[in-house]
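Enquirer: I'd like to ask you about the structure that follows.
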Amino acid sequence: MLWVSRMRLGTFEILLLFVHVSAACEFGPFPYRVTGIVCRMTKPAALLLNQETAQVIQAAFRNARFPNITGERSMRFLGKVAYGLTNIQVSDLSIEQSEVELKEDDAIHIAIKNVTAFFKGTLTYGYAGAWFLQVFHSVDFEIESSIDLQINIKLMCQKDQVAADASDCYLSFHKLTLHLQGDKEPGWLKQLFTDFISFTLKLVFKGEVCNEINFLAQMLANFIHDLAANFVQDEDIKLDISLASAPLIKANYLESHHKGLVVYKNYSSVFTDSVFSPSLLTESRMLYFWLSEHTLNSLASAAFLDKRLVLTIRGEKLQALFEMEDTEAQQKVAQKIFQGISYNDTVAKVWSVTHPQISLEPEGTVVKSLVAVEVSVFPAGEEPLIILYMEKEITVTIQAAYAEKKLILRPLDSRTEFKVFKCRADPSGNDPSIRNFLQTMISAAGIPEVISRIESTLTSLMNSKGLNLVDIKNPEIITRKGYATVQLDFSFPNHLLLDFLGKNI
């Protein structure tokens with residue numbers, strides 16, 4: 001329930017983590033041993049994300065800081081001709097086509113074709129001939145260029161997290177044409193500078209643009225990691241999403257493996273084995289998350305230690321539970337329990353007495369816990385009075401889904417067993433009508449009410465993390481023995497890229 005959805009929220013943000021094998025991190029001999037979370041992004045998702053590459057490339061061109069370019073050359077009759085190009089900046093840019101290819105066990109290859117870029121700046125030149133004094137002139141210029149980019153992104157592991165290396169970057173120029181202001185300068189001058197500085201310009205543009213692309217790639221990797229870390233942390237409870245083993249890059253998908261260990265104050269979960277295998281995930285959907293039973297159990301323990309598994313019910317809600325069936329027999333039992341006390345003066349407290357135990361089965365998520373229920377009366381001007389206390393071992397099987405930006409938890413069946421029972425209306429505990437009534441009320445109304453509260457709370461939590469801003473398509477939550485998978489398609493979460501560009505560009 002609580003822990004399944006928190007885990008699902010925690011893993012959604014990993015969808016942008018492009019991963020690759022890195023020698024910077026050392027892993028044990030067992031590739032999936034300490035693996036609590038796995039993310040697989042298939043080729044269709046990579047193609048979708050690549051459609052947004054243009055915005056990052058445009059940012060790289062805009063942000064590149066081009067140095068001043070200076071030089072000189074000896075010319076017959078003119079003496080030495082010196083020149084300087086200053087204040088170089090991009091004035092306009094368009095991208096015709098971008099393609100992505102996953103090179104198995106190597107890199108993510110991005111080919112960006114026909115980038116049309118216009119650079120503007122100021123050209124200063126001077127010459128000192130044999131028959132006249134040195135003269136300097138300044139003129140505005142525009143450089144029209146057509147460029148292809150080839151970028152191979154290798155993702156490395158630094159400090160147990162993904163770091164992108166886009167230094168393998170190449171620019172090919174189809175066109176590099178210099179236009180002087182108004183084209184009024186002598187033809188020989190335009191020809192001189194076009195031929196003489198074009199090679200230098202190519203080197204400068206390549207160096208600065210590729211450096212900026214590499215810088216942005218590294219910043220984007222850090223941004224995504226920070227975003228993921230925030231998604232999997234709520235106050236004192238967080239998940240360790242550091243890499244558990246060397247990730248995979250295949251021709252049809254990328255796959256990253258994360259520890260998924262729960263950290264809560266002085267508590268940290270530990271496990272030494274995992275049932276994960278790459279064959280457990282397919283390639284038919286855009287995005288997959290694999291979640292271990294151990295991780296969900298650890299989240300349940302942390303939630304218990306943080307006293308989150310407590311619920312209070314009062315007023316009309318409490319009345320609806322005890323009067324779920326408007327029959328004379330049930331009204332009599334409810335009157336026995338409350339003895340004429342108003343529901344407005346009554347509070348029911350429900351909490352987990354022990355660590356809940358979670359197991360994942362093909363039928364759903366099975367939650368087993370010893371649950372206490374205490375009903376207290378707070379009459380005006382009097383001391384609180386406990387009229388009912390009971391402890392029951394409850395086992396409930398739940399199927400989870402996500403639709404219309406809401407978490408849906410559906411109980412399939414439940415089993416309850418009284419462990420402790422104290423009722424002011426039945427001190428001896430010999431009245432079977434009260435126990436039978438409470439048994440029916442808990443199974444038919446109490447458990448659904450608790451699950452409904454958890455649904456609402458966790459939906460709000462996930463929305464506060466921004467999950468509702470992502471267009472998730474046909475998500476499926478599938479449980480198997482010892483693990484669960486979440487598989488889905490999605491539209492690009494453009495707000496994430498805009499947020500990144502807004503903070504870093």
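Going by the structure tokens order, chains are called A, B, ..., each with residues numbered from 1, while ligands are numbered from 1 in the order shown.
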Which residues are near segment 88-100 of chain A? Cut-off 6 Å, only C-alpha atoms, ignore same chain within fewer than 3 positions. Put them as a list of chain:residue names.
Expert: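 Returned residues: A:Arg62, A:Phe66, A:His109, A:Ile110, A:Ala111, A:Ile112, A:Lys113, A:Asn114, A:Val115, A:Thr116, A:Ala117, A:Phe118, A:Phe119, A:Lys120, A:Gly121.
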Enquirer: Take the residues from that selection and put them in a file with C-alpha atoms, as a PDB file, in the first residue's frame.
Expert:
ATOM      1  CA  ARG A  62      23.815  30.223 -27.204  1.00  0.00           C
ATOM      2  CA  PHE A  66      33.672  32.320 -28.252  1.00  0.00           C
ATOM      3  CA  HIS A 109      25.319   8.084 -30.561  1.00  0.00           C
ATOM      4  CA  ILE A 110      23.472  11.250 -31.547  1.00  0.00           C
ATOM      5  CA  ALA A 111      23.711  12.524 -35.113  1.00  0.00           C
ATOM      6  CA  ILE A 112      22.423  16.065 -35.641  1.00  0.00           C
ATOM      7  CA  LYS A 113      22.219  17.054 -39.278  1.00  0.00           C
ATOM      8  CA  ASN A 114      22.007  20.392 -41.039  1.00  0.00           C
ATOM      9  CA  VAL A 115      22.390  22.785 -38.149  1.00  0.00           C
ATOM     10  CA  THR A 116      22.102  26.244 -39.670  1.00  0.00           C
ATOM     11  CA  ALA A 117      23.779  28.805 -37.461  1.00  0.00           C
ATOM     12  CA  PHE A 118      24.454  32.526 -37.922  1.00  0.00           C
ATOM     13  CA  PHE A 119      27.283  34.117 -35.962  1.00  0.00           C
ATOM     14  CA  LYS A 120      27.627  37.865 -35.575  1.00  0.00           C
ATOM     15  CA  GLY A 121      30.454  40.040 -34.371  1.00  0.00           C
TER      16      GLY A 121
END
Enquirer: Please provide the set of residues having any atom within 12 Å of Pro278 of chain A, restricted to only C-alpha atoms, with same-chain residues fewer than 4 positions apart removed, written as a PDB file with N, CA, C and O atoms, in the first residue's frame.
Expert:
ATOM      1  N   PRO A  31      26.736  -9.626 -10.426  1.00  0.00           N
ATOM      2  CA  PRO A  31      26.249  -8.405 -11.081  1.00  0.00           C
ATOM      3  C   PRO A  31      24.942  -7.853 -10.527  1.00  0.00           C
ATOM      4  O   PRO A  31      24.706  -6.665 -10.592  1.00  0.00           O
ATOM      5  N   TYR A  32      24.055  -8.696  -9.996  1.00  0.00           N
ATOM      6  CA  TYR A  32      22.752  -8.188  -9.551  1.00  0.00           C
ATOM      7  C   TYR A  32      22.511  -8.476  -8.075  1.00  0.00           C
ATOM      8  O   TYR A  32      21.385  -8.494  -7.611  1.00  0.00           O
ATOM      9  N   THR A  35      20.606  -5.507  -5.656  1.00  0.00           N
ATOM     10  CA  THR A  35      19.813  -4.722  -6.592  1.00  0.00           C
ATOM     11  C   THR A  35      18.381  -4.661  -6.096  1.00  0.00           C
ATOM     12  O   THR A  35      17.692  -5.679  -6.043  1.00  0.00           O
ATOM     13  N   VAL A  38      15.525  -1.579 -10.601  1.00  0.00           N
ATOM     14  CA  VAL A  38      16.087  -1.636 -11.949  1.00  0.00           C
ATOM     15  C   VAL A  38      15.232  -0.766 -12.852  1.00  0.00           C
ATOM     16  O   VAL A  38      14.000  -0.759 -12.746  1.00  0.00           O
ATOM     17  N   CYS A  39      15.888  -0.002 -13.702  1.00  0.00           N
ATOM     18  CA  CYS A  39      15.185   0.816 -14.688  1.00  0.00           C
ATOM     19  C   CYS A  39      15.640   0.414 -16.075  1.00  0.00           C
ATOM     20  O   CYS A  39      16.836   0.327 -16.337  1.00  0.00           O
ATOM     21  N   ARG A  40      14.686   0.137 -16.937  1.00  0.00           N
ATOM     22  CA  ARG A  40      15.006  -0.166 -18.339  1.00  0.00           C
ATOM     23  C   ARG A  40      14.263   0.828 -19.224  1.00  0.00           C
ATOM     24  O   ARG A  40      13.035   0.940 -19.161  1.00  0.00           O
ATOM     25  N   PRO A 247      25.855  -0.843 -15.321  1.00  0.00           N
ATOM     26  CA  PRO A 247      24.650  -0.840 -16.157  1.00  0.00           C
ATOM     27  C   PRO A 247      24.924  -1.417 -17.546  1.00  0.00           C
ATOM     28  O   PRO A 247      26.074  -1.583 -17.955  1.00  0.00           O
ATOM     29  N   LEU A 248      23.845  -1.666 -18.246  1.00  0.00           N
ATOM     30  CA  LEU A 248      23.923  -2.258 -19.576  1.00  0.00           C
ATOM     31  C   LEU A 248      23.455  -1.260 -20.617  1.00  0.00           C
ATOM     32  O   LEU A 248      22.533  -0.477 -20.385  1.00  0.00           O
ATOM     33  N   ILE A 249      24.077  -1.310 -21.776  1.00  0.00           N
ATOM     34  CA  ILE A 249      23.564  -0.586 -22.930  1.00  0.00           C
ATOM     35  C   ILE A 249      23.517  -1.576 -24.076  1.00  0.00           C
ATOM     36  O   ILE A 249      24.530  -2.136 -24.488  1.00  0.00           O
ATOM     37  N   LYS A 250      22.316  -1.840 -24.537  1.00  0.00           N
ATOM     38  CA  LYS A 250      22.089  -2.785 -25.612  1.00  0.00           C
ATOM     39  C   LYS A 250      21.555  -2.044 -26.832  1.00  0.00           C
ATOM     40  O   LYS A 250      21.237  -0.863 -26.774  1.00  0.00           O
ATOM     41  N   TYR A 253      17.833  -1.220 -25.710  1.00  0.00           N
ATOM     42  CA  TYR A 253      17.462  -0.628 -24.432  1.00  0.00           C
ATOM     43  C   TYR A 253      18.694  -0.269 -23.618  1.00  0.00           C
ATOM     44  O   TYR A 253      19.801  -0.759 -23.848  1.00  0.00           O
ATOM     45  N   LEU A 254      18.448   0.632 -22.639  1.00  0.00           N
ATOM     46  CA  LEU A 254      19.421   0.959 -21.606  1.00  0.00           C
ATOM     47  C   LEU A 254      18.880   0.421 -20.291  1.00  0.00           C
ATOM     48  O   LEU A 254      17.677   0.458 -20.052  1.00  0.00           O
ATOM     49  N   GLU A 255      19.773  -0.062 -19.444  1.00  0.00           N
ATOM     50  CA  GLU A 255      19.306  -0.639 -18.184  1.00  0.00           C
ATOM     51  C   GLU A 255      20.252  -0.263 -17.059  1.00  0.00           C
ATOM     52  O   GLU A 255      21.468  -0.475 -17.159  1.00  0.00           O
ATOM     53  N   SER A 256      19.716   0.295 -15.994  1.00  0.00           N
ATOM     54  CA  SER A 256      20.523   0.670 -14.836  1.00  0.00           C
ATOM     55  C   SER A 256      20.030  -0.077 -13.607  1.00  0.00           C
ATOM     56  O   SER A 256      18.841  -0.348 -13.460  1.00  0.00           O
ATOM     57  N   HIS A 257      20.970  -0.387 -12.727  1.00  0.00           N
ATOM     58  CA  HIS A 257      20.673  -1.162 -11.525  1.00  0.00           C
ATOM     59  C   HIS A 257      21.056  -0.334 -10.302  1.00  0.00           C
ATOM     60  O   HIS A 257      22.179   0.170 -10.224  1.00  0.00           O
ATOM     61  N   THR A 282      10.849  -7.070 -20.517  1.00  0.00           N
ATOM     62  CA  THR A 282      10.761  -7.202 -21.970  1.00  0.00           C
ATOM     63  C   THR A 282      11.147  -5.878 -22.622  1.00  0.00           C
ATOM     64  O   THR A 282      11.708  -4.992 -21.982  1.00  0.00           O
ATOM     65  N   GLU A 283      10.824  -5.740 -23.906  1.00  0.00           N
ATOM     66  CA  GLU A 283      11.172  -4.522 -24.640  1.00  0.00           C
ATOM     67  C   GLU A 283       9.971  -3.922 -25.347  1.00  0.00           C
ATOM     68  O   GLU A 283      10.113  -3.064 -26.213  1.00  0.00           O
ATOM     69  N   TYR A 288      10.443   0.623 -18.007  1.00  0.00           N
ATOM     70  CA  TYR A 288      10.189  -0.433 -17.023  1.00  0.00           C
ATOM     71  C   TYR A 288      10.881  -0.093 -15.711  1.00  0.00           C
ATOM     72  O   TYR A 288      11.996   0.426 -15.691  1.00  0.00           O
ATOM     73  N   PHE A 289      10.214  -0.444 -14.605  1.00  0.00           N
ATOM     74  CA  PHE A 289      10.843  -0.404 -13.293  1.00  0.00           C
ATOM     75  C   PHE A 289      10.645  -1.758 -12.635  1.00  0.00           C
ATOM     76  O   PHE A 289       9.532  -2.281 -12.625  1.00  0.00           O
ATOM     77  N   TRP A 290      11.715  -2.284 -12.111  1.00  0.00           N
ATOM     78  CA  TRP A 290      11.667  -3.536 -11.360  1.00  0.00           C
ATOM     79  C   TRP A 290      11.926  -3.219  -9.900  1.00  0.00           C
ATOM     80  O   TRP A 290      12.898  -2.533  -9.566  1.00  0.00           O
TER      81      TRP A 290
END
Enquirer: To one decimal in Å, tell me the separation between atom CA of Ala334 of chain A and atom CA of Leu412 of chain A.
Expert: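 Spanning atom CA of Ala334 of chain A to atom CA of Leu412 of chain A is a straight-line distance of 27.0 Å.
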Enquirer: Write out as an mmCIF file with N, CA, C and O atoms, in the first residue's frame which residues come within 10 Å of Pro44 of chain A when counting only C-alpha atoms, dropping same-chain ones fewer than 2 positions away.
Expert:
data_model
loop_
_atom_site.group_PDB
_atom_site.id
_atom_site.type_symbol
_atom_site.label_atom_id
_atom_site.label_comp_id
_atom_site.auth_asym_id
_atom_site.auth_seq_id
_atom_site.Cartn_x
_atom_site.Cartn_y
_atom_site.Cartn_z
ATOM 1 N N MET A 41 15.004 1.544 -20.063
ATOM 2 C CA MET A 41 14.423 2.448 -21.033
ATOM 3 C C MET A 41 14.712 1.898 -22.420
ATOM 4 O O MET A 41 15.865 1.676 -22.780
ATOM 5 N N THR A 42 13.672 1.664 -23.191
ATOM 6 C CA THR A 42 13.831 1.020 -24.483
ATOM 7 C C THR A 42 14.069 2.044 -25.592
ATOM 8 O O THR A 42 13.976 3.249 -25.393
ATOM 9 N N ALA A 46 14.085 6.319 -26.017
ATOM 10 C CA ALA A 46 15.270 7.091 -26.391
ATOM 11 C C ALA A 46 14.985 7.966 -27.612
ATOM 12 O O ALA A 46 15.430 9.120 -27.690
ATOM 13 N N LEU A 47 14.233 7.424 -28.567
ATOM 14 C CA LEU A 47 13.871 8.215 -29.755
ATOM 15 C C LEU A 47 12.992 9.394 -29.367
ATOM 16 O O LEU A 47 13.143 10.499 -29.901
ATOM 17 N N LEU A 48 12.061 9.171 -28.443
ATOM 18 C CA LEU A 48 11.190 10.256 -27.998
ATOM 19 C C LEU A 48 11.999 11.350 -27.309
ATOM 20 O O LEU A 48 11.829 12.544 -27.602
ATOM 21 N N LEU A 49 12.882 10.962 -26.410
ATOM 22 C CA LEU A 49 13.693 11.943 -25.702
ATOM 23 C C LEU A 49 14.607 12.694 -26.659
ATOM 24 O O LEU A 49 14.910 13.870 -26.454
ATOM 25 N N ASN A 50 15.044 12.018 -27.722
ATOM 26 C CA ASN A 50 15.943 12.663 -28.673
ATOM 27 C C ASN A 50 15.269 13.811 -29.414
ATOM 28 O O ASN A 50 15.942 14.713 -29.913
ATOM 29 N N ASN A 252 18.740 -2.238 -28.100
ATOM 30 C CA ASN A 252 17.327 -1.886 -28.003
ATOM 31 C C ASN A 252 16.925 -1.282 -26.667
ATOM 32 O O ASN A 252 15.769 -0.887 -26.497
ATOM 33 N N TYR A 253 17.833 -1.220 -25.710
ATOM 34 C CA TYR A 253 17.462 -0.628 -24.432
ATOM 35 C C TYR A 253 18.694 -0.269 -23.618
ATOM 36 O O TYR A 253 19.801 -0.759 -23.848
ATOM 37 N N GLU A 283 10.824 -5.740 -23.906
ATOM 38 C CA GLU A 283 11.172 -4.522 -24.640
ATOM 39 C C GLU A 283 9.971 -3.922 -25.347
ATOM 40 O O GLU A 283 10.113 -3.064 -26.213
ATOM 41 N N SER A 284 8.751 -4.339 -24.968
ATOM 42 C CA SER A 284 7.556 -3.901 -25.688
ATOM 43 C C SER A 284 7.057 -2.525 -25.237
ATOM 44 O O SER A 284 6.327 -1.870 -25.973
ATOM 45 N N ARG A 285 7.426 -2.088 -24.018
ATOM 46 C CA ARG A 285 7.001 -0.790 -23.529
ATOM 47 C C ARG A 285 8.189 0.160 -23.492
ATOM 48 O O ARG A 285 9.343 -0.239 -23.599
ATOM 49 N N MET A 286 7.906 1.435 -23.300
ATOM 50 C CA MET A 286 8.978 2.430 -23.332
ATOM 51 C C MET A 286 9.828 2.415 -22.065
ATOM 52 O O MET A 286 11.044 2.640 -22.112
ATOM 53 N N LEU A 287 9.176 2.151 -20.935
ATOM 54 C CA LEU A 287 9.885 2.295 -19.666
ATOM 55 C C LEU A 287 9.448 1.198 -18.696
ATOM 56 O O LEU A 287 8.259 0.883 -18.591
ATOM 57 N N ASP A 489 4.240 3.592 -21.075
ATOM 58 C CA ASP A 489 4.688 4.501 -22.124
ATOM 59 C C ASP A 489 4.466 5.922 -21.593
ATOM 60 O O ASP A 489 3.720 6.129 -20.628
#
Enquirer: So what do you get for atom CA of Thr397 of chain A versus atom CA of Gln439 of chain A, distance-wise?
Expert: 17.3 Å
Enquirer: Residues at most 12 Å from Ala320 of chain A, counting only C-alpha atoms, excluding those fewer than 2 positions away in the same chain, as a CSV table (one decimal) with C-alpha atoms, in the first residue's frame?
Expert:
chain,number,residue,atom,x,y,z
A,313,ILE,CA,-11.2,8.5,12.4
A,314,ARG,CA,-13.8,10.7,14.0
A,315,GLY,CA,-17.2,12.3,13.5
A,316,GLU,CA,-19.3,11.4,10.5
A,317,LYS,CA,-16.6,9.0,9.1
A,318,LEU,CA,-16.6,7.0,12.3
A,322,PHE,CA,-20.3,1.7,12.7
A,323,GLU,CA,-23.6,2.2,10.8
A,324,MET,CA,-22.5,0.8,7.5
A,325,GLU,CA,-25.6,-1.4,7.4
A,326,ASP,CA,-28.8,0.2,8.7
A,331,GLN,CA,-27.9,-0.6,15.5
A,334,ALA,CA,-23.5,-0.1,18.0
A,343,TYR,CA,-19.9,10.2,17.5
A,441,MET,CA,-17.2,-3.9,10.1
A,444,ALA,CA,-16.3,-4.7,4.9
A,445,ALA,CA,-15.7,-1.0,5.8
A,446,GLY,CA,-12.6,-0.6,8.1
A,449,GLU,CA,-11.5,3.1,4.6
Enquirer: Considering only C-alpha atoms, can you say which of A:Thr295, A:Gln487, A:Asn436, A:Thr124 comes closest to Leu180 of chain A?
Expert: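 For Leu180 of chain A, the nearest of the candidates is A:Thr124.
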Enquirer: Between atom CA of Pro384 of chain A and atom CA of Lys422 of chain A, what distance in Å does the model show, to one decimal?
Expert: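 Pair atom CA of Pro384 of chain A / atom CA of Lys422 of chain A returns 16.1 Å.
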Enquirer: So which bits of segment 331-494 of chain A end up alpha helix (DSSP H) when you DSSP the backbone, as an NGL selection string?
Expert: :A and (331-338 or 432-441 or 447-464 or 494)
Enquirer: Can you pull out every residue from segment 63-108 of chain A that DSSP, working from the backbone, puts in strand (DSSP E or B), and format the result as a count of residues only?
Expert: 34
Enquirer: Out of A:Val139, A:Ala380, A:Ser167, A:Ala107, which residue has the shortest atom-to-atom distance to Leu155 of chain A when counting only C-alpha atoms?
Expert: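 So, comparing all the options, the nearest one is A:Ala107.
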Enquirer: Do you know which residues are at most 6 Å from Trp351 of chain A counting only C-alpha atoms, after dropping those on the same chain fewer than 4 positions away, and could you put them as a ChimeraX atom specification?
Expert: /A:309-310,371-372
